[in-house]
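entry33.cif, holding mmCIF, C-alpha atoms:
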```cif
data_coords
#
loop_
_atom_site.label_atom_id
_atom_site.label_comp_id
_atom_site.auth_asym_id
_atom_site.auth_seq_id
_atom_site.Cartn_x
_atom_site.Cartn_y
_atom_site.Cartn_z
CA MET A 26 85.34 116.02 71.98
CA LYS A 27 89.08 116.60 72.40
CA SER A 28 90.98 115.31 75.42
CA GLU A 29 92.89 117.75 77.60
CA ALA A 30 96.17 116.50 76.12
CA GLU A 31 94.87 117.07 72.59
CA LYS A 32 93.80 120.60 73.50
CA VAL A 33 97.29 121.31 74.79
CA THR A 34 98.80 119.72 71.69
CA THR A 35 96.80 121.71 69.16
CA ASN A 36 96.33 125.00 70.98
CA CYS A 37 99.41 125.46 73.18
CA ASP A 38 100.57 129.03 73.35
CA LYS A 39 99.08 130.20 70.05
CA THR A 40 100.20 133.74 70.74
CA GLU A 41 103.80 132.64 71.23
CA ALA A 42 103.73 130.42 68.15
CA LYS A 43 102.54 133.32 66.00
CA SER A 44 105.57 135.39 66.95
CA ARG A 45 108.32 133.96 64.76
CA ARG A 46 110.64 136.95 64.76
CA PRO A 47 113.15 136.85 67.63
CA ALA A 48 113.19 139.86 69.92
CA TYR A 49 116.79 140.61 68.97
CA LEU A 50 118.74 141.72 65.92
CA VAL A 51 121.80 139.50 65.68
CA ASN A 52 122.20 137.64 68.98
CA PRO A 53 119.98 137.16 72.06
CA TYR A 54 122.75 138.72 74.15
CA GLU A 55 123.39 142.03 72.42
CA ILE A 56 123.85 145.69 73.28
CA ALA A 57 123.81 148.72 71.01
CA PHE A 58 126.56 151.28 71.64
CA ARG A 59 125.40 154.73 70.56
CA GLY A 60 127.35 157.94 70.15
CA PHE A 61 130.82 156.40 69.78
CA TRP A 62 132.76 157.04 66.58
CA GLY A 63 135.55 155.45 64.58
CA THR A 64 138.63 154.45 66.50
CA ASP A 65 137.01 155.41 69.84
CA TRP A 66 134.34 152.78 69.28
CA MET A 67 136.84 150.16 68.18
CA SER A 68 139.09 150.80 71.17
CA LEU A 69 136.18 150.61 73.59
CA SER A 70 134.76 147.44 72.08
CA GLN A 71 138.17 145.75 72.05
CA GLU A 72 138.93 146.70 75.64
CA LEU A 73 135.51 145.50 76.81
CA ALA A 74 135.81 142.27 74.86
CA LEU A 75 139.15 141.45 76.44
CA ASP A 76 137.89 142.49 79.86
CA LEU A 77 134.95 140.06 79.65
CA GLY A 78 137.34 137.13 80.01
CA SER A 79 136.09 133.90 78.46
CA VAL A 80 132.98 135.47 76.89
CA LYS A 81 133.25 135.57 73.09
CA VAL A 82 132.23 138.92 71.65
CA ALA A 83 131.07 139.74 68.13
CA VAL A 84 131.67 143.39 67.27
CA VAL A 85 129.11 144.42 64.67
CA ILE A 86 129.94 147.60 62.77
CA HIS A 87 127.84 149.49 60.23
CA GLY A 88 129.52 149.42 56.83
CA GLU A 89 129.42 153.20 56.67
CA ALA A 90 130.98 153.70 60.11
CA LYS A 91 134.24 155.63 60.36
CA GLY A 92 137.12 153.24 60.62
CA ALA A 93 135.10 150.26 59.37
CA LYS A 94 137.44 149.95 56.37
CA GLU A 95 140.22 149.15 58.78
CA VAL A 96 138.40 145.96 59.80
CA ALA A 97 138.36 142.89 57.57
CA PRO A 98 134.92 141.29 57.07
CA ASP A 99 135.94 138.30 59.19
CA TYR A 100 138.95 139.43 61.18
CA THR A 101 139.74 137.44 64.30
CA PHE A 102 142.38 138.06 66.92
CA ALA A 103 143.17 136.06 70.01
CA ARG A 104 144.65 137.17 73.33
CA LEU A 105 144.51 135.59 76.75
CA GLY A 106 142.41 132.79 75.26
CA GLN A 107 139.82 135.34 74.17
CA HIS A 108 138.55 135.21 70.59
CA VAL A 109 136.88 138.35 69.32
CA ARG A 110 135.22 138.21 65.92
CA ARG A 111 134.74 141.46 64.05
CA THR A 112 132.26 141.51 61.22
CA VAL A 113 130.95 144.35 59.09
CA SER A 114 127.19 144.14 58.78
CA SER A 115 124.96 146.01 56.37
CA ALA A 116 121.52 147.34 57.30
CA VAL A 117 118.30 145.91 55.94
CA GLY A 118 115.67 148.42 56.97
CA GLN A 119 115.95 148.57 60.75
CA GLU A 120 117.42 145.07 61.00
CA LEU A 121 121.01 143.94 60.76
CA VAL A 122 121.88 140.83 58.80
CA ARG A 123 122.13 137.85 61.12
CA SER A 124 125.19 135.80 60.24
CA GLN A 125 126.51 132.48 61.48
CA VAL A 126 129.68 134.07 62.85
CA ILE A 127 127.63 136.38 65.07
CA LEU A 128 125.51 133.50 66.34
CA ASP A 129 128.70 131.68 67.28
CA ALA A 130 129.61 134.57 69.56
CA ASP A 131 128.34 134.58 73.13
CA VAL A 132 127.38 138.25 73.03
CA ALA A 133 127.27 141.03 70.45
CA PHE A 134 128.28 144.68 70.64
CA ILE A 135 126.55 146.68 67.91
CA ASP A 136 127.77 150.05 66.66
CA SER A 137 124.59 152.10 66.37
CA ARG A 138 123.41 155.49 65.21
CA THR A 139 120.04 154.91 66.89
CA GLY A 140 118.97 152.72 69.78
CA LEU A 141 117.67 149.99 67.42
CA GLY A 142 115.03 149.19 70.03
CA ILE A 143 117.42 147.07 72.10
CA ALA A 144 119.42 147.65 75.29
CA GLN A 145 122.02 150.35 74.74
CA VAL A 146 125.10 151.95 76.21
CA VAL A 147 125.11 155.65 75.35
CA CYS A 148 128.03 158.07 75.15
CA ALA A 149 127.23 160.96 77.50
CA HIS A 150 127.79 163.67 74.87
CA ALA A 151 125.24 161.96 72.59
CA SER A 152 122.55 161.47 75.23
CA ASP A 153 118.99 162.48 74.49
CA PRO A 154 116.02 163.05 76.84
CA GLY A 155 114.11 160.49 74.80
CA ASP A 156 116.65 157.70 75.32
CA THR A 157 115.12 154.34 76.17
CA ASN A 158 116.52 150.96 77.22
CA VAL A 159 119.76 152.57 78.44
CA ILE A 160 121.73 150.37 80.80
CA ALA A 161 124.67 152.79 81.21
CA TYR A 162 126.05 156.15 80.11
CA VAL A 163 129.74 156.46 79.36
CA GLY A 164 132.05 159.48 79.40
CA GLY A 165 135.33 160.91 80.64
CA ASP A 166 136.26 163.17 83.54
CA GLU A 167 134.72 166.22 81.84
CA SER A 168 131.41 164.46 81.26
CA GLU A 169 131.30 163.16 84.83
CA GLU A 170 131.42 166.74 86.16
CA ASP A 171 128.48 167.96 84.07
CA PHE A 172 126.37 164.93 83.18
CA VAL A 173 123.43 163.87 85.33
CA ALA A 174 122.27 160.35 84.55
CA PRO A 175 118.61 159.47 85.09
CA PRO A 176 117.80 157.64 88.35
CA GLY A 177 118.78 153.99 88.26
CA VAL A 178 121.12 154.31 85.26
CA PRO A 179 124.84 154.44 86.11
CA PHE A 180 127.46 156.76 84.65
CA CYS A 181 130.72 154.97 83.92
CA ASN A 182 133.94 156.96 83.67
CA ILE A 183 135.73 155.19 80.85
CA GLU A 184 139.01 157.02 81.50
CA LYS A 185 139.36 155.74 85.06
CA SER A 186 137.98 152.24 84.96
CA ILE A 187 136.10 150.03 82.59
CA ALA A 188 135.22 147.58 85.37
CA ARG A 189 131.95 149.30 86.29
CA LEU A 190 130.70 149.21 82.72
CA ARG A 191 131.69 145.55 82.43
CA THR A 192 129.75 144.76 85.62
CA HIS A 193 126.57 146.37 84.32
CA ILE A 194 126.88 144.68 80.94
CA LEU A 195 127.27 141.25 82.53
CA ALA A 196 124.38 141.95 84.91
CA HIS A 197 122.21 142.83 81.91
CA PHE A 198 123.08 139.62 80.10
CA GLU A 199 122.43 137.57 83.24
CA ALA A 200 119.01 139.20 83.54
CA VAL A 201 118.25 138.37 79.90
CA ALA A 202 119.24 134.73 80.48
CA LYS A 203 116.76 134.47 83.34
CA THR A 204 113.88 135.46 81.05
CA VAL A 205 114.42 132.44 78.76
CA PRO A 206 112.07 129.62 79.81
CA LEU A 207 113.40 126.07 79.86
CA TYR A 208 111.03 123.54 78.28
CA GLY A 209 111.45 119.79 78.18
CA LEU A 210 111.14 117.67 75.05
CA VAL A 211 110.77 113.89 75.22
CA LEU A 212 111.94 112.58 71.84
CA ALA A 213 109.53 109.74 71.13
CA GLY A 214 108.96 109.99 67.38
CA GLY A 215 111.34 107.28 66.22
CA LYS A 216 110.13 104.28 64.22
CA SER A 217 112.06 101.76 66.38
CA THR A 218 112.95 99.58 63.39
CA ARG A 219 115.79 97.75 65.16
CA MET A 220 113.81 97.19 68.37
CA ASN A 221 110.67 96.00 66.52
CA ARG A 222 108.70 97.63 69.32
CA ASP A 223 107.98 101.25 70.14
CA LYS A 224 110.94 102.25 72.34
CA ALA A 225 108.76 104.86 74.05
CA SER A 226 106.53 102.08 75.42
CA LEU A 227 109.32 99.94 76.88
CA THR A 228 109.47 99.63 80.66
CA TYR A 229 112.70 100.15 82.61
CA HIS A 230 111.49 101.95 85.73
CA GLY A 231 108.05 100.48 86.33
CA LYS A 232 106.25 102.58 83.70
CA PRO A 233 106.51 103.28 79.97
CA GLN A 234 109.74 105.06 79.16
CA VAL A 235 107.92 108.03 77.61
CA GLU A 236 106.14 108.55 80.94
CA HIS A 237 109.37 108.13 82.89
CA CYS A 238 111.16 110.71 80.73
CA TYR A 239 108.20 113.10 80.98
CA ASP A 240 108.18 112.85 84.79
CA LEU A 241 111.97 113.22 84.93
CA LEU A 242 111.99 116.43 82.87
CA SER A 243 108.98 117.81 84.74
CA GLY A 244 111.17 118.19 87.80
CA PHE A 245 113.41 120.67 85.97
CA CYS A 246 111.38 122.35 83.21
CA ALA A 247 108.53 124.88 83.20
CA LYS A 248 106.70 122.82 80.58
CA VAL A 249 107.30 119.40 79.05
CA PHE A 250 106.10 118.05 75.70
CA VAL A 251 106.32 114.71 73.97
CA SER A 252 107.79 115.02 70.47
CA ASN A 253 106.26 112.53 68.06
CA ARG A 254 104.65 111.98 64.67
CA VAL A 255 101.02 112.96 64.26
CA GLU A 256 100.00 109.31 63.79
CA GLN A 257 101.41 108.56 67.26
CA ALA A 258 99.11 111.06 68.99
CA ASN A 259 96.95 108.41 70.63
CA ASP A 260 99.55 105.70 71.09
CA THR A 261 99.56 103.94 74.44
CA GLY A 262 101.67 105.91 76.87
CA GLN A 263 101.77 109.10 74.76
CA GLY A 264 98.17 110.24 74.40
CA ALA A 265 97.98 111.51 77.98
CA PHE A 266 100.75 114.08 77.56
CA PRO A 267 101.07 117.47 75.80
CA GLN A 268 102.57 116.79 72.38
CA ILE A 269 104.35 118.61 69.59
CA HIS A 270 103.96 116.76 66.33
CA ASP A 271 106.73 116.75 63.75
CA THR A 272 106.37 119.49 61.16
CA PHE A 273 109.83 118.74 59.81
CA LEU A 274 109.10 115.25 58.53
CA ASP A 275 111.35 112.19 58.30
CA MET A 276 114.33 114.00 59.82
CA GLY A 277 114.70 112.02 63.04
CA PRO A 278 115.52 113.87 66.28
CA LEU A 279 116.50 117.03 64.39
CA GLY A 280 112.96 117.28 63.02
CA GLY A 281 111.52 116.95 66.51
CA ILE A 282 113.79 119.65 67.94
CA LEU A 283 113.08 122.04 65.07
CA SER A 284 109.34 121.41 65.38
CA ALA A 285 109.50 122.31 69.07
CA GLN A 286 111.50 125.45 68.33
CA ARG A 287 108.92 126.44 65.74
CA ALA A 288 106.12 126.02 68.27
CA HIS A 289 107.91 127.93 71.05
CA PRO A 290 110.71 130.03 69.49
CA HIS A 291 111.69 131.88 72.67
CA ALA A 292 112.29 128.81 74.84
CA ALA A 293 115.42 126.80 75.48
CA TRP A 294 114.80 123.08 75.03
CA LEU A 295 116.08 120.25 77.22
CA ALA A 296 115.75 117.32 74.82
CA LEU A 297 115.83 113.72 76.05
CA ALA A 298 115.46 110.63 73.88
CA CYS A 299 113.41 107.65 75.08
CA ASP A 300 116.24 105.21 74.34
CA LEU A 301 118.50 106.50 77.14
CA PRO A 302 117.27 104.54 80.19
CA PHE A 303 120.31 105.36 82.37
CA VAL A 304 119.72 109.13 82.35
CA ASP A 305 118.56 110.08 85.85
CA GLU A 306 118.05 113.15 88.01
CA SER A 307 121.75 113.36 88.75
CA ALA A 308 122.59 113.48 85.03
CA ILE A 309 120.03 116.22 84.37
CA GLU A 310 121.28 118.21 87.36
CA THR A 311 124.85 117.94 86.05
CA LEU A 312 123.75 119.10 82.59
CA LEU A 313 121.82 122.10 83.90
CA LYS A 314 124.49 123.08 86.43
CA GLY A 315 127.05 123.23 83.62
CA ARG A 316 124.70 124.85 81.11
CA ASN A 317 126.05 127.93 79.35
CA PRO A 318 123.10 129.96 78.01
CA TYR A 319 125.42 132.03 75.78
CA LYS A 320 126.35 128.99 73.66
CA LEU A 321 124.16 127.39 71.02
CA ALA A 322 123.80 124.26 73.12
CA THR A 323 125.09 122.38 76.16
CA ALA A 324 125.75 118.64 75.87
CA PHE A 325 127.70 115.76 77.34
CA ILE A 326 130.84 114.41 75.71
CA SER A 327 130.57 110.80 74.60
CA GLU A 328 132.77 108.41 76.59
CA ARG A 329 133.02 106.29 73.45
CA ASP A 330 134.27 108.73 70.82
CA GLY A 331 134.66 112.12 72.53
CA LEU A 332 131.93 113.72 70.41
CA PRO A 333 128.85 115.64 71.64
CA GLU A 334 125.80 113.64 72.74
CA PRO A 335 122.84 115.41 71.09
CA LEU A 336 119.95 113.39 72.58
CA CYS A 337 120.31 114.61 76.15
CA ALA A 338 121.18 118.25 75.65
CA VAL A 339 119.97 121.82 76.08
CA TYR A 340 119.35 123.73 72.85
CA GLU A 341 119.26 127.50 73.31
CA PRO A 342 116.80 129.61 71.26
CA LYS A 343 119.43 130.86 68.80
CA SER A 344 120.42 127.28 67.91
CA VAL A 345 117.44 127.12 65.56
CA PHE A 346 119.36 129.19 62.99
CA ARG A 347 122.33 126.81 63.04
CA LEU A 348 120.07 123.75 62.86
CA LEU A 349 118.23 125.21 59.87
CA HIS A 350 121.52 126.17 58.25
CA PHE A 351 122.77 122.59 58.43
CA LEU A 352 119.43 121.28 57.27
CA GLY A 353 119.72 123.51 54.22
CA LEU A 354 123.12 121.96 53.52
CA GLY A 355 121.55 118.51 53.56
CA TYR A 356 122.50 117.39 57.09
CA ASN A 357 119.80 116.21 59.48
CA CYS A 358 122.12 114.86 62.19
CA PRO A 359 122.06 117.06 65.34
CA ARG A 360 125.45 115.65 66.39
CA LYS A 361 127.06 117.15 63.27
CA VAL A 362 125.56 120.50 64.21
CA LEU A 363 126.97 120.35 67.73
CA ILE A 364 130.39 119.21 66.47
CA ASN A 365 130.59 122.20 64.14
CA SER A 366 129.18 124.78 66.56
CA ASP A 367 130.37 126.55 69.68
CA THR A 368 128.83 123.97 72.02
CA CYS A 369 129.34 123.88 75.77
CA LEU A 370 130.61 120.33 76.40
CA LEU A 371 130.48 118.59 79.78
CA ARG A 372 131.87 115.34 81.12
CA GLN A 373 129.30 112.65 81.78
CA PRO A 374 128.56 112.00 85.47
CA SER A 375 129.04 108.26 84.83
CA ALA A 376 130.47 106.16 82.01
CA ARG A 377 127.19 104.57 80.95
CA VAL A 378 124.68 107.38 81.50
CA MET A 379 124.41 108.07 77.75
CA THR A 380 124.20 104.40 76.72
CA ASN A 381 121.37 104.08 74.22
CA VAL A 382 119.24 100.99 73.75
CA ASN A 383 118.16 100.10 70.22
CA SER A 384 117.76 96.31 70.01
CA PRO A 385 115.96 93.55 71.97
CA ASP A 386 119.29 92.22 73.26
CA GLU A 387 120.35 95.68 74.45
CA TYR A 388 116.96 96.14 76.11
CA ALA A 389 117.30 92.85 78.00
CA GLU A 390 120.82 93.75 79.12
CA ALA A 391 119.72 97.22 80.29
CA CYS A 392 116.85 95.72 82.28
CA ARG A 393 119.21 93.24 83.96
CA SER A 394 121.67 96.00 84.81
CA LEU A 395 119.02 98.28 86.27
CA ALA A 396 117.42 95.41 88.20
CA ALA A 397 120.80 94.48 89.69
CA GLU A 398 121.08 98.02 91.03
CA GLY A 399 117.55 97.98 92.38
CA SER A 400 116.55 100.76 89.96
CA ALA A 401 113.82 98.78 88.22
CA THR A 402 110.58 97.67 89.81
#
```
For this file, produce the structure as structure tokens.
Amino acid sequence: MKSEAEKVTTNCDKTEAKSRRPAYLVNPYEIAFRGFWGTDWMSLSQELALDLGSVKVAVVIHGEAKGAKEVAPDYTFARLGQHVRRTVSSAVGQELVRSQVILDADVAFIDSRTGLGIAQVVCAHASDPGDTNVIAYVGGDESEEDFVAPPGVPFCNIEKSIARLRTHILAHFEAVAKTVPLYGLVLAGGKSTRMNRDKASLTYHGKPQVEHCYDLLSGFCAKVFVSNRVEQANDTGQGAFPQIHDTFLDMGPLGGILSAQRAHPHAAWLALACDLPFVDESAIETLLKGRNPYKLATAFISERDGLPEPLCAVYEPKSVFRLLHFLGLGYNCPRKVLINSDTCLLRQPSARVMTNVNSPDEYAEACRSLAAEGSAT
């Protein structure tokens, strides 16, 4: 008979796991703009992009759209610190091609002839009684006099002010961000070759580190799982917790993160390695307070070399595509992915919080340090 932990491990959220296709076309934060043509669409998208301040916008244009020839396939311009990437995307059935440059953007504006099944901003003269998922209608003075928007959907006069449309767009994206669950992932699948003992079983805070990390993340995440190899399922200290076994084998932490994303593709993952004994509630609070859900990930900057720290970081749902892309290029180091991606980087709350422990000597030193502070029992 299976234990409760094993039931959670093998049966957790089967319905969610079956749904591999993201509920978006090119970016989790996207809006289709319908009824705008040629230079009108380009002017509107550019003005909105600049008006959104520090938010990076990908403008996705159908190849057959009027004026699309005026836009280079990867044209970038910068103004007021704002980078706007324009890319021409072809249609594959109902779905647009998802490219790395669009994933790097915080949000996407999609030129559309139909609603595409996603949230849309509709030009008033192109409105239809059957419109769905409309967050705003747009028109000029003439449209404002004659057009009656459905209850609850604003009409924005684009000739007078774009601020109202910007406000509704940002409110929509903020609402989308709130629907993304945050799950915790305790990275405990390492082979601990330098330590010669399972690092997940070491004690720094009066209990096995895997249990300490699980309890720590449980205070911030809707669900928490231990990431390990299938042969570790019943190891001391791990068997009592919900687990996600590696399905990307022999790839280190990257394999654990990808395995979790495969199991729950619509969640953001707060990953924490077992060899970081100085990470505490304050560090997690700092990470989550500075989290930017529009980016691929949020991580601390290493005090040692100024590079991202990948083993205490939040990986947003869309990061799976970048992780897989790098894996396909032969890289299984999550730090390389964060270095080469639009990552939200934060300063560490203390100089040693991201100190990792990999050897018996380092373990002894960490225990002495924690005991001197009264953190160990």
Long-range neighbours of region 284-300 of chain A as a PyMOL selection string, 7 Å cut-off, only C-alpha atoms, 6 positions minimum in chain
chain A and resi 41-42+45+205-213+224-225+234-235+238+269+271-273+336-342+345+381-383
Using all atoms listed in the file and a cutoff of 12 Å, can you tell me which residues are near (133.7, 119.0, 77.5) in the file's coordinates, and write them out as a short mmCIF file (atom, residue, chain, number, x, y, z; two decimals) with C-alpha atoms, in the coordinates of the input?
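Output saved as selection.cif:
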```
data_model
loop_
_atom_site.label_atom_id
_atom_site.label_comp_id
_atom_site.auth_asym_id
_atom_site.auth_seq_id
_atom_site.Cartn_x
_atom_site.Cartn_y
_atom_site.Cartn_z
CA LEU A 312 123.75 119.10 82.59
CA GLY A 315 127.05 123.23 83.62
CA ARG A 316 124.70 124.85 81.11
CA ASN A 317 126.05 127.93 79.35
CA THR A 323 125.09 122.38 76.16
CA ALA A 324 125.75 118.64 75.87
CA PHE A 325 127.70 115.76 77.34
CA ILE A 326 130.84 114.41 75.71
CA SER A 327 130.57 110.80 74.60
CA GLU A 328 132.77 108.41 76.59
CA GLY A 331 134.66 112.12 72.53
CA LEU A 332 131.93 113.72 70.41
CA PRO A 333 128.85 115.64 71.64
CA GLU A 334 125.80 113.64 72.74
CA LEU A 363 126.97 120.35 67.73
CA ILE A 364 130.39 119.21 66.47
CA ASP A 367 130.37 126.55 69.68
CA THR A 368 128.83 123.97 72.02
CA CYS A 369 129.34 123.88 75.77
CA LEU A 370 130.61 120.33 76.40
CA LEU A 371 130.48 118.59 79.78
CA ARG A 372 131.87 115.34 81.12
CA GLN A 373 129.30 112.65 81.78
CA PRO A 374 128.56 112.00 85.47
#
```
Starting from the point (123.3, 108.0, 89.1), work out which residues of protein, DNA or RNA have an atom no more than 9 Å away when counting all atoms listed in the file; state them as a PyMOL selection string.
chain A and resi 303-308+374-375+378
My list of candidates is A:Leu301, A:Arg360, A:Asn158, A:Arg347. Which is closest to His197 (chain A) when distances are computed with all atoms listed in the file?
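Closest residue, counting all atoms listed in the file: A:Asn158.
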Selection dump of the PyMOL selection byres ((chain A and resi 161-172) around 6), as a PDB file with C-alpha atoms, in the coordinates of the input:
```pdb
ATOM      1  CA  VAL A 146     125.100 151.950  76.210  1.00  0.00           C
ATOM      2  CA  VAL A 147     125.110 155.650  75.350  1.00  0.00           C
ATOM      3  CA  CYS A 148     128.030 158.070  75.150  1.00  0.00           C
ATOM      4  CA  ALA A 149     127.230 160.960  77.500  1.00  0.00           C
ATOM      5  CA  VAL A 159     119.760 152.570  78.440  1.00  0.00           C
ATOM      6  CA  ILE A 160     121.730 150.370  80.800  1.00  0.00           C
ATOM      7  CA  VAL A 173     123.430 163.870  85.330  1.00  0.00           C
ATOM      8  CA  VAL A 178     121.120 154.310  85.260  1.00  0.00           C
ATOM      9  CA  PRO A 179     124.840 154.440  86.110  1.00  0.00           C
ATOM     10  CA  PHE A 180     127.460 156.760  84.650  1.00  0.00           C
ATOM     11  CA  CYS A 181     130.720 154.970  83.920  1.00  0.00           C
ATOM     12  CA  ASN A 182     133.940 156.960  83.670  1.00  0.00           C
ATOM     13  CA  ILE A 183     135.730 155.190  80.850  1.00  0.00           C
ATOM     14  CA  GLU A 184     139.010 157.020  81.500  1.00  0.00           C
TER      15      GLU A 184
END
```
Could you tell me which of A:Gly262, A:Pro267, A:Pro175, A:Gly281 comes closest to Lys248 (chain A) if we count all atoms listed in the file?
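Comparing A:Gly262, A:Pro267, A:Pro175, A:Gly281 against Lys248 (chain A), the winner is A:Pro267.
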Find the residues around Ser137 (chain A) up to 6 Å (only C-alpha atoms counted), leave out those fewer than 4 positions away in its own chain, and share them as a PyMOL selection string.
chain A and resi 57-59
Which residue of A:Leu321, A:Leu73, A:Ala389, A:Ala151 approaches Gly60 (chain A) most closely, using only C-alpha atoms
A:Ala151
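The two atoms in question, CA of Ser366 (chain A) and CA of Asp129 (chain A), are spaced 7.0 Å apart.
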